[in-house]
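Engineer: Structure file data01.cif, mmCIF, C-alpha atoms, is pasted below:
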```cif
data_structure
#
loop_
_atom_site.label_atom_id
_atom_site.label_comp_id
_atom_site.auth_asym_id
_atom_site.auth_seq_id
_atom_site.Cartn_x
_atom_site.Cartn_y
_atom_site.Cartn_z
CA MET A 1 105.72 139.53 -39.34
CA LYS A 2 103.63 141.65 -41.64
CA ARG A 3 100.45 143.51 -40.79
CA TYR A 4 97.57 142.77 -43.16
CA GLU A 5 94.31 144.70 -43.47
CA VAL A 6 91.27 142.45 -43.99
CA PHE A 7 88.42 143.37 -46.34
CA LEU A 8 85.28 141.26 -46.72
CA LYS A 9 82.39 141.33 -49.12
CA LYS A 10 79.10 139.51 -48.89
CA ASP A 11 77.02 138.76 -52.00
CA GLY A 12 76.75 140.91 -55.12
CA ARG A 13 75.22 144.00 -53.56
CA ASP A 14 77.74 145.00 -50.90
CA GLU A 15 81.04 146.78 -51.29
CA TYR A 16 84.19 145.33 -49.80
CA ARG A 17 84.36 146.53 -46.21
CA HIS A 18 87.25 146.80 -43.84
CA ALA A 19 86.85 144.15 -41.12
CA GLY A 20 90.09 144.49 -39.13
CA SER A 21 93.70 143.48 -39.31
CA LEU A 22 96.02 140.59 -38.49
CA ASN A 23 99.70 139.70 -38.18
CA ALA A 24 101.16 136.99 -40.40
CA PRO A 25 104.57 136.15 -41.79
CA ASP A 26 103.36 135.63 -45.38
CA ASP A 27 100.31 135.69 -47.66
CA ASP A 28 99.45 132.00 -47.29
CA LEU A 29 99.31 132.08 -43.51
CA ALA A 30 97.53 135.42 -43.64
CA LEU A 31 94.74 133.81 -45.69
CA VAL A 32 94.32 130.99 -43.15
CA LEU A 33 94.30 133.40 -40.20
CA ALA A 34 91.82 135.71 -41.96
CA ARG A 35 89.41 132.84 -42.54
CA GLU A 36 89.74 131.55 -38.98
CA THR A 37 89.40 134.98 -37.38
CA TYR A 38 87.05 137.00 -39.60
CA LEU A 39 84.99 134.43 -41.52
CA ARG A 40 83.83 132.14 -38.73
CA ARG A 41 80.15 132.32 -39.58
CA ALA A 42 80.02 133.11 -43.31
CA GLU A 43 80.48 136.86 -42.79
CA GLY A 44 81.53 137.11 -46.42
CA ASP A 45 82.17 135.14 -49.58
CA ARG A 46 85.02 137.29 -50.89
CA LEU A 47 88.21 138.24 -49.12
CA TRP A 48 90.93 140.81 -49.85
CA LEU A 49 94.09 141.02 -47.80
CA VAL A 50 96.33 144.05 -48.20
CA ASP A 51 99.80 144.33 -46.72
CA ARG A 52 99.57 147.52 -44.66
CA ALA A 53 102.94 148.63 -46.01
CA HIS A 54 101.30 148.85 -49.45
CA LEU A 55 98.37 151.03 -48.41
CA VAL A 56 98.40 154.53 -49.82
CA VAL A 57 96.75 156.74 -47.20
CA GLY A 58 95.43 160.22 -47.97
CA ASP A 59 96.12 162.93 -45.44
CA THR A 60 92.85 164.23 -43.92
CA GLU A 61 93.86 167.79 -44.88
CA PHE A 62 94.20 166.65 -48.49
CA VAL A 63 90.95 164.68 -48.52
CA ALA A 64 88.63 166.98 -46.58
CA PRO A 65 88.28 170.05 -48.86
CA ASN A 66 85.72 168.30 -51.06
CA ALA A 67 83.26 168.59 -48.18
CA ASP A 68 82.90 172.33 -48.85
CA LYS A 69 81.97 172.28 -52.52
CA PRO A 70 78.18 172.55 -52.47
CA HIS A 71 78.12 173.56 -56.16
CA ARG A 72 78.88 169.93 -56.96
CA HIS A 73 75.46 169.01 -55.61
CA ASN A 74 72.00 170.39 -56.21
CA ASP A 75 69.84 170.43 -53.12
CA GLY A 76 66.63 170.84 -55.17
CA GLU A 77 65.58 173.75 -52.94
CA ARG A 78 64.63 176.16 -55.75
CA ILE A 79 62.44 173.63 -57.55
CA ALA A 80 60.83 172.63 -54.26
CA GLU A 81 60.06 176.30 -53.66
CA ARG A 82 58.22 176.57 -56.99
CA ARG A 83 56.22 173.40 -56.21
CA ARG A 84 55.24 174.83 -52.81
CA ARG A 85 54.19 178.11 -54.43
CA LEU A 86 52.05 176.32 -57.02
CA ARG A 87 50.42 174.18 -54.31
CA GLU A 88 49.56 177.28 -52.28
CA GLU A 89 48.11 179.06 -55.31
CA ARG A 90 46.00 176.05 -56.17
CA ALA A 91 44.80 175.32 -52.62
CA PRO A 92 42.27 178.19 -52.23
CA ARG A 93 40.67 177.34 -55.57
CA GLU A 94 40.27 173.71 -54.55
CA GLU A 95 38.58 174.83 -51.33
CA GLU A 96 36.13 176.95 -53.36
CA ALA A 97 35.45 174.02 -55.67
CA GLY A 98 34.78 171.76 -52.68
CA SER A 99 32.33 174.12 -50.90
CA MET B 1 98.23 162.16 -40.88
CA GLY B 2 94.84 162.51 -39.26
CA ARG B 3 93.23 165.36 -37.39
CA SER B 4 94.55 167.27 -34.41
CA TRP B 5 92.98 169.46 -31.74
CA SER B 6 94.42 172.64 -30.26
CA SER B 7 93.32 171.92 -26.69
CA MET B 8 91.60 169.35 -24.49
CA ASP B 9 88.48 171.57 -24.48
CA ASP B 10 88.47 171.46 -28.25
CA PHE B 11 88.88 167.69 -28.26
CA GLU B 12 86.13 167.21 -25.67
CA SER B 13 83.66 169.33 -27.59
CA PHE B 14 84.46 167.25 -30.69
CA LEU B 15 83.62 164.12 -28.63
CA ASP B 16 80.47 165.71 -27.18
CA ASP B 17 79.27 166.43 -30.73
CA GLY B 18 79.49 162.70 -31.47
CA GLY B 19 82.96 162.85 -33.07
CA ILE B 20 84.72 159.54 -33.70
CA VAL B 21 88.48 159.36 -33.17
CA GLU B 22 90.54 157.35 -35.67
CA VAL B 23 93.90 155.69 -35.13
CA ASP B 24 95.95 158.25 -37.08
CA ASP B 25 94.39 161.28 -35.35
CA GLU B 26 96.60 163.19 -32.94
CA MET B 27 94.48 162.41 -29.89
CA PRO B 28 95.49 163.77 -26.46
CA ASP B 29 97.87 161.44 -24.59
CA ALA B 30 95.48 161.08 -21.65
CA TYR B 31 92.74 159.83 -24.02
CA ARG B 32 95.14 157.48 -25.81
CA ASN B 33 96.35 156.02 -22.49
CA ALA B 34 92.88 155.55 -21.01
CA VAL B 35 91.38 153.98 -24.14
CA PHE B 36 94.40 151.74 -24.62
CA ALA B 37 94.26 150.47 -21.00
CA PHE B 38 90.55 149.74 -21.40
CA ILE B 39 90.99 147.79 -24.66
CA GLU B 40 94.03 145.94 -23.32
CA MET B 41 92.05 144.74 -20.30
CA HIS B 42 89.19 143.68 -22.58
CA ALA B 43 91.64 141.76 -24.82
CA ASN B 44 93.26 140.06 -21.81
CA SER B 45 89.84 139.05 -20.50
CA GLU B 46 88.82 137.50 -23.81
CA LEU B 47 92.03 135.49 -23.91
CA MET B 48 91.82 134.34 -20.28
CA GLY B 49 88.13 133.52 -20.82
CA GLY B 50 89.03 131.48 -23.88
CA LEU B 51 91.55 129.48 -21.85
CA THR B 52 88.89 128.76 -19.20
CA GLU B 53 86.58 127.61 -21.93
CA ARG B 54 89.28 125.40 -23.44
CA ASP B 55 89.74 123.60 -20.08
CA TRP B 56 86.18 122.35 -20.51
CA ILE B 57 86.40 120.97 -24.05
CA PRO B 58 87.25 117.39 -22.93
CA ARG B 59 84.74 117.45 -20.08
CA THR B 60 81.72 119.01 -21.77
CA PRO B 61 78.79 116.56 -21.76
CA GLY B 62 77.33 115.58 -25.14
CA LEU B 63 78.68 116.05 -28.65
CA ARG B 64 76.51 119.06 -29.53
CA HIS B 65 77.63 121.04 -26.51
CA LYS B 66 81.22 119.88 -26.89
CA MET B 67 81.28 121.21 -30.47
CA ALA B 68 79.75 124.48 -29.28
CA VAL B 69 82.39 124.81 -26.56
CA LEU B 70 85.10 124.22 -29.18
CA ALA B 71 83.61 126.98 -31.34
CA LYS B 72 83.25 129.29 -28.37
CA THR B 73 86.86 128.75 -27.36
CA GLN B 74 87.98 129.76 -30.83
CA ASP B 75 85.61 132.76 -30.75
CA GLU B 76 87.05 134.03 -27.47
CA ILE B 77 90.68 133.61 -28.54
CA GLY B 78 89.71 135.32 -31.81
CA HIS B 79 88.18 138.25 -29.88
CA GLY B 80 91.46 138.53 -28.01
CA HIS B 81 93.28 138.69 -31.37
CA LEU B 82 90.97 141.35 -32.79
CA LEU B 83 91.32 143.52 -29.70
CA TYR B 84 95.09 143.12 -29.43
CA MET B 85 95.40 144.34 -33.03
CA VAL B 86 93.27 147.42 -32.27
CA ALA B 87 95.22 148.09 -29.06
CA ALA B 88 98.64 147.55 -30.69
CA ASP B 89 97.77 150.13 -33.38
CA MET B 90 97.55 152.78 -30.66
CA GLY B 91 101.33 152.59 -30.50
CA LEU B 92 101.82 152.17 -26.75
CA LYS B 93 102.71 148.46 -26.61
CA THR B 94 103.12 145.74 -29.22
CA ARG B 95 100.89 142.68 -29.11
CA ARG B 96 103.79 140.62 -27.80
CA GLU B 97 104.47 143.12 -25.00
CA MET B 98 100.81 142.99 -23.97
CA LEU B 99 100.86 139.18 -23.88
CA GLU B 100 104.11 139.07 -21.96
CA ASP B 101 102.79 141.54 -19.37
CA LEU B 102 99.65 139.45 -18.99
CA PHE B 103 101.57 136.22 -18.46
CA ALA B 104 103.90 137.94 -15.99
CA GLY B 105 100.83 138.88 -13.89
CA GLN B 106 101.41 142.56 -14.61
CA SER B 107 98.23 143.53 -16.40
CA LYS B 108 94.59 143.25 -15.52
CA PHE B 109 91.83 140.95 -16.69
CA HIS B 110 88.22 140.51 -15.55
CA ASN B 111 87.66 139.39 -11.95
CA VAL B 112 85.60 136.35 -12.97
CA PHE B 113 88.63 134.67 -14.55
CA HIS B 114 90.41 134.69 -11.19
CA TYR B 115 88.09 131.93 -9.91
CA ARG B 116 88.11 128.23 -10.64
CA ALA B 117 85.31 126.56 -12.59
CA ALA B 118 85.24 123.24 -10.72
CA THR B 119 81.99 121.72 -12.02
CA TRP B 120 79.95 121.78 -15.23
CA GLY B 121 77.46 123.88 -13.24
CA ASP B 122 80.18 126.50 -12.74
CA GLN B 123 80.91 126.49 -16.45
CA VAL B 124 77.21 126.96 -17.22
CA ALA B 125 76.98 129.78 -14.68
CA ILE B 126 79.92 131.46 -16.41
CA SER B 127 78.52 131.02 -19.90
CA PHE B 128 75.18 132.45 -18.85
CA LEU B 129 75.54 134.93 -15.96
CA VAL B 130 79.08 136.12 -16.61
CA ASP B 131 78.78 136.28 -20.39
CA ALA B 132 75.57 138.24 -19.97
CA ALA B 133 77.28 140.71 -17.64
CA ALA B 134 80.22 141.08 -20.04
CA LEU B 135 77.86 141.46 -22.97
CA ALA B 136 75.86 144.19 -21.19
CA SER B 137 79.07 146.14 -20.51
CA GLN B 138 80.25 145.72 -24.10
CA GLN B 139 76.90 146.82 -25.52
CA ALA B 140 77.04 149.93 -23.36
CA VAL B 141 80.48 150.73 -24.82
CA PHE B 142 79.46 149.94 -28.40
CA LYS B 143 76.42 152.22 -28.19
CA ASN B 144 78.37 155.44 -28.13
CA CYS B 145 82.07 154.61 -28.30
CA SER B 146 84.19 157.55 -29.47
CA TYR B 147 87.15 155.42 -30.55
CA GLY B 148 86.28 154.21 -34.06
CA PRO B 149 88.47 151.09 -34.40
CA TYR B 150 87.22 149.73 -31.06
CA ARG B 151 83.60 150.50 -31.85
CA ARG B 152 83.77 148.66 -35.19
CA ILE B 153 85.45 145.56 -33.79
CA LEU B 154 82.94 145.45 -30.89
CA LYS B 155 80.13 144.95 -33.37
CA ARG B 156 81.53 141.54 -34.38
CA ILE B 157 82.39 140.57 -30.81
CA ILE B 158 78.92 141.40 -29.52
CA SER B 159 77.18 139.34 -32.19
CA GLU B 160 79.27 136.29 -31.24
CA GLU B 161 78.78 136.83 -27.48
CA GLY B 162 75.04 136.68 -28.16
CA PHE B 163 75.37 133.07 -29.37
CA HIS B 164 77.36 132.18 -26.27
CA MET B 165 74.76 133.59 -23.92
CA ARG B 166 71.90 131.75 -25.61
CA MET B 167 73.92 128.52 -25.40
CA GLY B 168 74.44 129.23 -21.69
CA GLU B 169 70.74 129.70 -21.04
CA GLU B 170 69.92 126.50 -22.93
CA ARG B 171 72.40 124.57 -20.77
CA MET B 172 70.94 126.06 -17.62
CA MET B 173 67.45 125.11 -18.77
CA LEU B 174 68.58 121.50 -19.32
CA ILE B 175 69.96 121.41 -15.78
CA ALA B 176 66.86 123.04 -14.30
CA GLU B 177 64.73 120.38 -15.99
CA GLY B 178 67.11 117.62 -14.90
CA THR B 179 67.64 115.60 -11.71
CA ASP B 180 67.76 116.85 -8.10
CA PHE B 181 71.51 116.23 -8.17
CA GLN B 182 71.89 118.50 -11.22
CA ARG B 183 69.73 121.22 -9.67
CA ALA B 184 71.72 121.10 -6.43
CA MET B 185 74.94 121.34 -8.44
CA PHE B 186 73.74 124.43 -10.27
CA GLN B 187 72.46 126.05 -7.07
CA GLN B 188 75.98 125.65 -5.67
CA SER B 189 77.40 127.22 -8.83
CA LEU B 190 74.95 130.10 -8.56
CA ASP B 191 76.04 130.61 -4.93
CA ASN B 192 79.66 130.76 -6.14
CA TRP B 193 79.21 132.92 -9.21
CA TRP B 194 76.35 135.35 -8.50
CA TRP B 195 78.54 137.83 -6.65
CA PRO B 196 81.58 137.70 -8.94
CA ALA B 197 79.26 138.26 -11.93
CA LEU B 198 77.70 141.26 -10.18
CA GLN B 199 81.11 142.62 -9.23
CA LEU B 200 82.24 142.42 -12.87
CA PHE B 201 80.41 145.73 -13.45
CA GLY B 202 82.68 147.37 -10.87
CA PRO B 203 81.85 149.78 -8.03
CA ASP B 204 79.63 152.82 -8.69
CA SER B 205 81.17 155.06 -11.36
CA LYS B 206 83.00 158.08 -10.00
CA PRO B 207 81.53 161.46 -11.00
CA ASP B 208 84.74 162.36 -12.87
CA ASP B 209 85.17 159.02 -14.68
CA VAL B 210 87.05 159.98 -17.86
CA LEU B 211 85.74 156.93 -19.72
CA LEU B 212 82.23 158.38 -19.38
CA ARG B 213 83.37 161.92 -20.15
CA TRP B 214 85.17 160.79 -23.29
CA HIS B 215 82.28 158.65 -24.51
CA ILE B 216 83.92 155.27 -24.15
CA LYS B 217 81.36 154.05 -21.65
CA SER B 218 77.80 155.22 -22.24
CA GLU B 219 76.32 154.08 -18.92
CA ARG B 220 77.39 154.23 -15.32
CA ASN B 221 78.52 150.95 -13.72
CA GLU B 222 75.71 151.01 -11.15
CA VAL B 223 73.07 151.45 -13.85
CA LEU B 224 74.30 148.43 -15.80
CA ARG B 225 74.59 146.39 -12.61
CA ALA B 226 71.06 147.26 -11.48
CA ARG B 227 69.68 146.38 -14.91
CA TRP B 228 71.43 143.00 -14.82
CA VAL B 229 69.94 142.19 -11.37
CA GLN B 230 66.54 143.30 -12.61
CA LYS B 231 66.77 140.82 -15.48
CA PHE B 232 68.54 137.84 -13.92
CA ALA B 233 67.05 137.63 -10.43
CA PRO B 234 63.50 136.87 -11.65
CA LEU B 235 64.78 134.68 -14.50
CA LEU B 236 66.83 132.44 -12.19
CA ILE B 237 63.96 132.29 -9.69
CA SER B 238 61.63 131.24 -12.52
CA TYR B 239 63.96 128.29 -13.19
CA GLY B 240 63.56 127.28 -9.52
CA PHE B 241 66.87 128.56 -8.13
CA THR B 242 67.56 130.79 -5.13
CA ILE B 243 69.56 134.03 -5.36
CA PRO B 244 72.35 133.99 -2.74
CA ASP B 245 71.65 137.57 -1.61
CA PRO B 246 69.78 137.91 1.71
CA GLY B 247 69.47 141.65 1.00
CA LEU B 248 67.74 141.20 -2.37
CA VAL B 249 64.53 143.21 -2.38
CA HIS B 250 61.55 142.59 -4.65
CA ASP B 251 59.13 145.48 -4.90
CA ALA B 252 56.03 143.56 -5.97
CA GLU B 253 54.11 146.68 -6.92
CA ALA B 254 56.74 148.12 -9.25
CA ASP B 255 58.08 144.61 -10.01
CA THR B 256 61.66 145.71 -9.42
CA TRP B 257 64.54 143.69 -7.99
CA THR B 258 67.32 145.43 -6.08
CA ALA B 259 70.50 143.78 -4.82
CA GLY B 260 71.65 144.10 -1.20
CA PRO B 261 74.95 145.72 -0.18
CA ILE B 262 77.98 144.50 -2.13
CA ASP B 263 81.29 143.54 -0.54
CA TRP B 264 83.98 144.89 -2.90
CA GLU B 265 86.92 143.21 -1.17
CA PRO B 266 86.87 140.10 -3.43
CA LEU B 267 87.01 142.36 -6.52
CA LYS B 268 89.97 144.28 -5.11
CA ARG B 269 91.80 141.03 -4.43
CA THR B 270 91.36 139.86 -8.04
CA LEU B 271 92.62 143.21 -9.35
CA ALA B 272 95.76 142.67 -7.26
CA MET B 273 96.14 139.14 -8.79
CA GLY B 274 95.19 137.69 -5.39
CA GLY B 275 91.97 135.89 -6.38
CA PRO B 276 91.39 132.24 -5.38
CA ASP B 277 92.64 130.91 -8.73
CA SER B 278 94.77 133.84 -10.02
CA ALA B 279 98.16 132.20 -9.57
CA ARG B 280 97.19 128.92 -11.25
CA ARG B 281 95.45 130.68 -14.15
CA ILE B 282 98.32 133.02 -14.87
CA GLY B 283 100.86 130.23 -14.36
CA GLU B 284 99.09 127.93 -16.83
CA ALA B 285 98.69 130.69 -19.41
CA ALA B 286 102.38 131.55 -19.04
CA ALA B 287 103.34 127.88 -19.43
CA ASN B 288 101.22 127.65 -22.61
CA TRP B 289 102.95 130.75 -23.94
CA ALA B 290 106.35 129.18 -23.27
CA ASP B 291 105.29 125.80 -24.75
CA THR B 292 104.10 127.40 -27.99
CA HIS B 293 107.35 129.24 -28.55
CA TRP B 294 108.16 126.95 -31.51
CA VAL B 295 104.94 127.99 -33.31
CA ARG B 296 105.90 131.65 -33.15
CA GLU B 297 109.39 130.82 -34.29
CA ALA B 298 108.07 128.77 -37.21
CA MET B 299 105.76 131.66 -38.17
CA ASP B 300 108.57 134.20 -37.93
CA THR B 301 110.90 132.18 -40.13
CA ALA B 302 108.27 130.84 -42.58
CA PRO B 303 109.03 133.36 -45.37
CA GLU B 304 112.76 132.57 -45.44
CA ARG B 305 112.10 128.84 -45.37
CA SER B 306 109.61 128.98 -48.23
CA ALA B 307 111.95 131.23 -50.23
CA GLY B 308 114.76 128.70 -49.82
CA ALA B 309 112.59 125.64 -50.55
CA PRO B 310 113.33 123.61 -53.66
CA ALA B 311 111.04 124.50 -56.55
#
```
How does this structure look as structure tokens?

Structural biologist:
Amino acid sequence: MKRYEVFLKKDGRDEYRHAGSLNAPDDDLALVLARETYLRRAEGDRLWLVDRAHLVVGDTEFVAPNADKPHRHNDGERIAERRRRLREERAPREEEAGS
Amino acid sequence: MGRSWSSMDDFESFLDDGGIVEVDDEMPDAYRNAVFAFIEMHANSELMGGLTERDWIPRTPGLRHKMAVLAKTQDEIGHGHLLYMVAADMGLKTRREMLEDLFAGQSKFHNVFHYRAATWGDQVAISFLVDAAALASQQAVFKNCSYGPYRRILKRIISEEGFHMRMGEERMMLIAEGTDFQRAMFQQSLDNWWWPALQLFGPDSKPDDVLLRWHIKSERNEVLRARWVQKFAPLLISYGFTIPDPGLVHDAEADTWTAGPIDWEPLKRTLAMGGPDSARRIGEAAANWADTHWVREAMDTAPERSAGAPA
């Protein structure tokens, strides 16, 4: 018996998503079991099965460091600050104009 | 390898912050054992429920309902499959070991599948009252479940249980609008199944229930049970049936329904495999398992056979 991981995708907008796993002796039976277990009500129109033995899994220690690299983003805070400052400078003048 | 925690305190604060545990994390043994036992019982219950459902395929009245019962049977067996895969990945027992323990009467499944469904009314009571109770418990787990693989698979299971419950209410409606004989039959079924359905939620949660502490359950048993009574007592009464609970109290002002005292002895008997139909149910499931030995063997040897087949 092999363990297969099941990935489904529905229409052109979604990514393939992991749906679960199943046991099967070979690819052909795995396809039948995947359809009968995971695609009972048109949950997808595309199916990937991956033998778990072929999955390459990243260690969390190896994967996680990219969470602490804020310089790869820009939070827009400095530009927002300028916009706020301009709004505040303009506001009193608008009040004068309105009175 | 996944994450690890230096102490139980550390792990619990991770859970309290909404942390989700994944299969390759080094979770504490106590957590692994408790979550595994919970999922195993859920898997067993889906399978035993599917077998109950299957018994009714030949006897279900009308083609539409017969087809729906066929589909539901496959859904329930499928839920069992999904859950056994999630449980097996926790590394405590293989799927085959779980099945063999179940068929040897050595592992638990829901109390309601220790009773016999003798009439179509019983089957309708199960597919409405019992499915609704099971669904309410599952939703309360799904809401805040800290074990990721279980939480994700519950999403699919819950959506399918929703179809089953609506089918159950439709069948009950047909009976309620039917003949006196049909209504009397369903009243008898309600008398038989009201209490087991209520007991499915279990006795009041203990203050130190680890399943609550570790965010597997999100609600206390008594809260779920009270909510179920609040919903189903008035609904069944509106269909013209009587609730078999002399202690049921309706507060007209607040419009609340509260059940009378519950006898927990029947639940305890089912947990000890001593329910009215436990022996027959387990015996039949075990006989099925033995009869289907050739299918497993064919599956196990399929790759060699196809490799040796003439081109």

Engineer: Quick check: residues of chain B within 10 Å of chain A, only C-alpha atoms, returned as a PDB file with C-alpha atoms, keeping the file's coordinate frame.

Structural biologist:
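Okay, result.pdb is ready:
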```pdb
ATOM      1  CA  MET B   1      98.230 162.160 -40.880  1.00  0.00           C
ATOM      2  CA  GLY B   2      94.840 162.510 -39.260  1.00  0.00           C
ATOM      3  CA  ARG B   3      93.230 165.360 -37.390  1.00  0.00           C
ATOM      4  CA  ASP B  24      95.950 158.250 -37.080  1.00  0.00           C
ATOM      5  CA  ASP B  25      94.390 161.280 -35.350  1.00  0.00           C
ATOM      6  CA  ALA B  71      83.610 126.980 -31.340  1.00  0.00           C
ATOM      7  CA  GLN B  74      87.980 129.760 -30.830  1.00  0.00           C
ATOM      8  CA  ASP B  75      85.610 132.760 -30.750  1.00  0.00           C
ATOM      9  CA  ILE B  77      90.680 133.610 -28.540  1.00  0.00           C
ATOM     10  CA  GLY B  78      89.710 135.320 -31.810  1.00  0.00           C
ATOM     11  CA  HIS B  79      88.180 138.250 -29.880  1.00  0.00           C
ATOM     12  CA  HIS B  81      93.280 138.690 -31.370  1.00  0.00           C
ATOM     13  CA  LEU B  82      90.970 141.350 -32.790  1.00  0.00           C
ATOM     14  CA  LEU B  83      91.320 143.520 -29.700  1.00  0.00           C
ATOM     15  CA  TYR B  84      95.090 143.120 -29.430  1.00  0.00           C
ATOM     16  CA  MET B  85      95.400 144.340 -33.030  1.00  0.00           C
ATOM     17  CA  VAL B  86      93.270 147.420 -32.270  1.00  0.00           C
ATOM     18  CA  ASP B  89      97.770 150.130 -33.380  1.00  0.00           C
ATOM     19  CA  ARG B  95     100.890 142.680 -29.110  1.00  0.00           C
ATOM     20  CA  PRO B 149      88.470 151.090 -34.400  1.00  0.00           C
ATOM     21  CA  ARG B 152      83.770 148.660 -35.190  1.00  0.00           C
ATOM     22  CA  ILE B 153      85.450 145.560 -33.790  1.00  0.00           C
ATOM     23  CA  ARG B 156      81.530 141.540 -34.380  1.00  0.00           C
ATOM     24  CA  GLU B 160      79.270 136.290 -31.240  1.00  0.00           C
ATOM     25  CA  ARG B 296     105.900 131.650 -33.150  1.00  0.00           C
ATOM     26  CA  ALA B 298     108.070 128.770 -37.210  1.00  0.00           C
ATOM     27  CA  MET B 299     105.760 131.660 -38.170  1.00  0.00           C
ATOM     28  CA  ASP B 300     108.570 134.200 -37.930  1.00  0.00           C
ATOM     29  CA  THR B 301     110.900 132.180 -40.130  1.00  0.00           C
ATOM     30  CA  ALA B 302     108.270 130.840 -42.580  1.00  0.00           C
ATOM     31  CA  PRO B 303     109.030 133.360 -45.370  1.00  0.00           C
ATOM     32  CA  GLU B 304     112.760 132.570 -45.440  1.00  0.00           C
ATOM     33  CA  SER B 306     109.610 128.980 -48.230  1.00  0.00           C
TER      34      SER B 306
END
```

Engineer: Name all residues at most 12 Å from stretch 44-47 of chain B (count all atoms listed in the file; drop same-chain ones fewer than 3 positions away) and give them as a PyMOL selection string.

Structural biologist: chain B and resi 37-41+50-54+72-84+87+95+98-103+105-114+130-131+134-135+138+157+161+200+281-282+285+289

Engineer: Separation of atom CA of B:Phe11 and atom CA of B:Phe142, in Å?

Structural biologist: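 These atoms are spaced 20.1 Å apart.
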
Engineer: What is the distance between atom CA of B:Val35 and atom CA of B:Tyr147, in Å to one decimal?

Structural biologist: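 We find that atom CA of B:Val35 and atom CA of B:Tyr147 lie 7.8 Å from each other.
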
Engineer: Work out where the centre of an axis-aligned box around every listed atom of stretch 173-181 of chain B lies and how long its edges are once 4 Å is added on each side; give both in Å to one decimal as lines of an AutoDock Vina configuration file.

Structural biologist:
```
center_x = 68.1
center_y = 120.4
center_z = -13.7
size_x = 14.8
size_y = 17.5
size_z = 19.2
```

Engineer: When you draw a straight line from atom CA of B:Glu12 to atom CA of B:Met90, how long is it in Å?

Structural biologist: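 Separation of atom CA of B:Glu12 and atom CA of B:Met90: 19.1 Å.
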
Engineer: Within 8 Å of stretch 211-224 of chain B, counting all atoms listed in the file, which residues qualify if same-chain residues fewer than 4 places away don't, as a list in words?

Structural biologist: Glu12, Leu15, Asp16, Tyr31, Ala34, Val35, Ala136, Ser137, Ala140, Val141, Lys143, Asn144, Cys145, Ser146, Tyr147, Phe201, Gly202, Pro203, Asp204, Ser205 and Trp228 of chain B

Engineer: Need the shell around B:Gly148: protein/DNA/RNA residues with any atom at most 7 Å away, counting all atoms listed in the file. Skip same-chain ones fewer than 6 positions apart. Format as a list in words?

Structural biologist: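 The neighbour list is Ile20, Val21 and Glu22 of chain B.
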
Engineer: Emit the selected residues as a short mmCIF file (atom, residue, chain, number, x, y, z; two decimals), in the coordinates of the input, including C-alpha atoms.

Structural biologist:
```
data_model
loop_
_atom_site.label_atom_id
_atom_site.label_comp_id
_atom_site.auth_asym_id
_atom_site.auth_seq_id
_atom_site.Cartn_x
_atom_site.Cartn_y
_atom_site.Cartn_z
CA ILE B 20 84.72 159.54 -33.70
CA VAL B 21 88.48 159.36 -33.17
CA GLU B 22 90.54 157.35 -35.67
#
```

Engineer: Hey, what comes out of the PyMOL selection byres ((chain B and resi 230-245) around 10) on this file? Could you write it as a PyMOL selection string?

Structural biologist: chain B and resi 128-129+132-133+172-173+175-177+183-184+186-188+190-195+224-229+246-250+255-262

Engineer: Please provide as a PyMOL selection string all residues within 10 Å of A:Leu55, with the sequence filter that same-chain residues fewer than 5 positions apart are discarded (counting all atoms listed in the file).

Structural biologist: chain A and resi 4-5+50

Engineer: Tell me which protein, DNA and RNA residues are within 12 Å of B:Gly62, counting all atoms listed in the file, leaving out same-chain ones fewer than 5 positions away, and put them as an mmCIF file with C-alpha atoms, in the frame of the given file.

Structural biologist:
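Output saved as part.cif:
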```
data_model
loop_
_atom_site.group_PDB
_atom_site.id
_atom_site.type_symbol
_atom_site.label_atom_id
_atom_site.label_comp_id
_atom_site.auth_asym_id
_atom_site.auth_seq_id
_atom_site.Cartn_x
_atom_site.Cartn_y
_atom_site.Cartn_z
ATOM 1 C CA ILE B 57 86.400 120.970 -24.050
ATOM 2 C CA MET B 67 81.280 121.210 -30.470
ATOM 3 C CA ALA B 68 79.750 124.480 -29.280
ATOM 4 C CA VAL B 69 82.390 124.810 -26.560
ATOM 5 C CA TRP B 120 79.950 121.780 -15.230
ATOM 6 C CA ARG B 171 72.400 124.570 -20.770
#
```

Engineer: Rank B:Gly91, B:Ala252, B:Arg96, B:Ala30 by their smallest atom-to-atom distance to B:His293, using only C-alpha atoms, and report the top residue only.

Structural biologist: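 With only C-alpha atoms as the atom set, the closest residue is B:Arg96.
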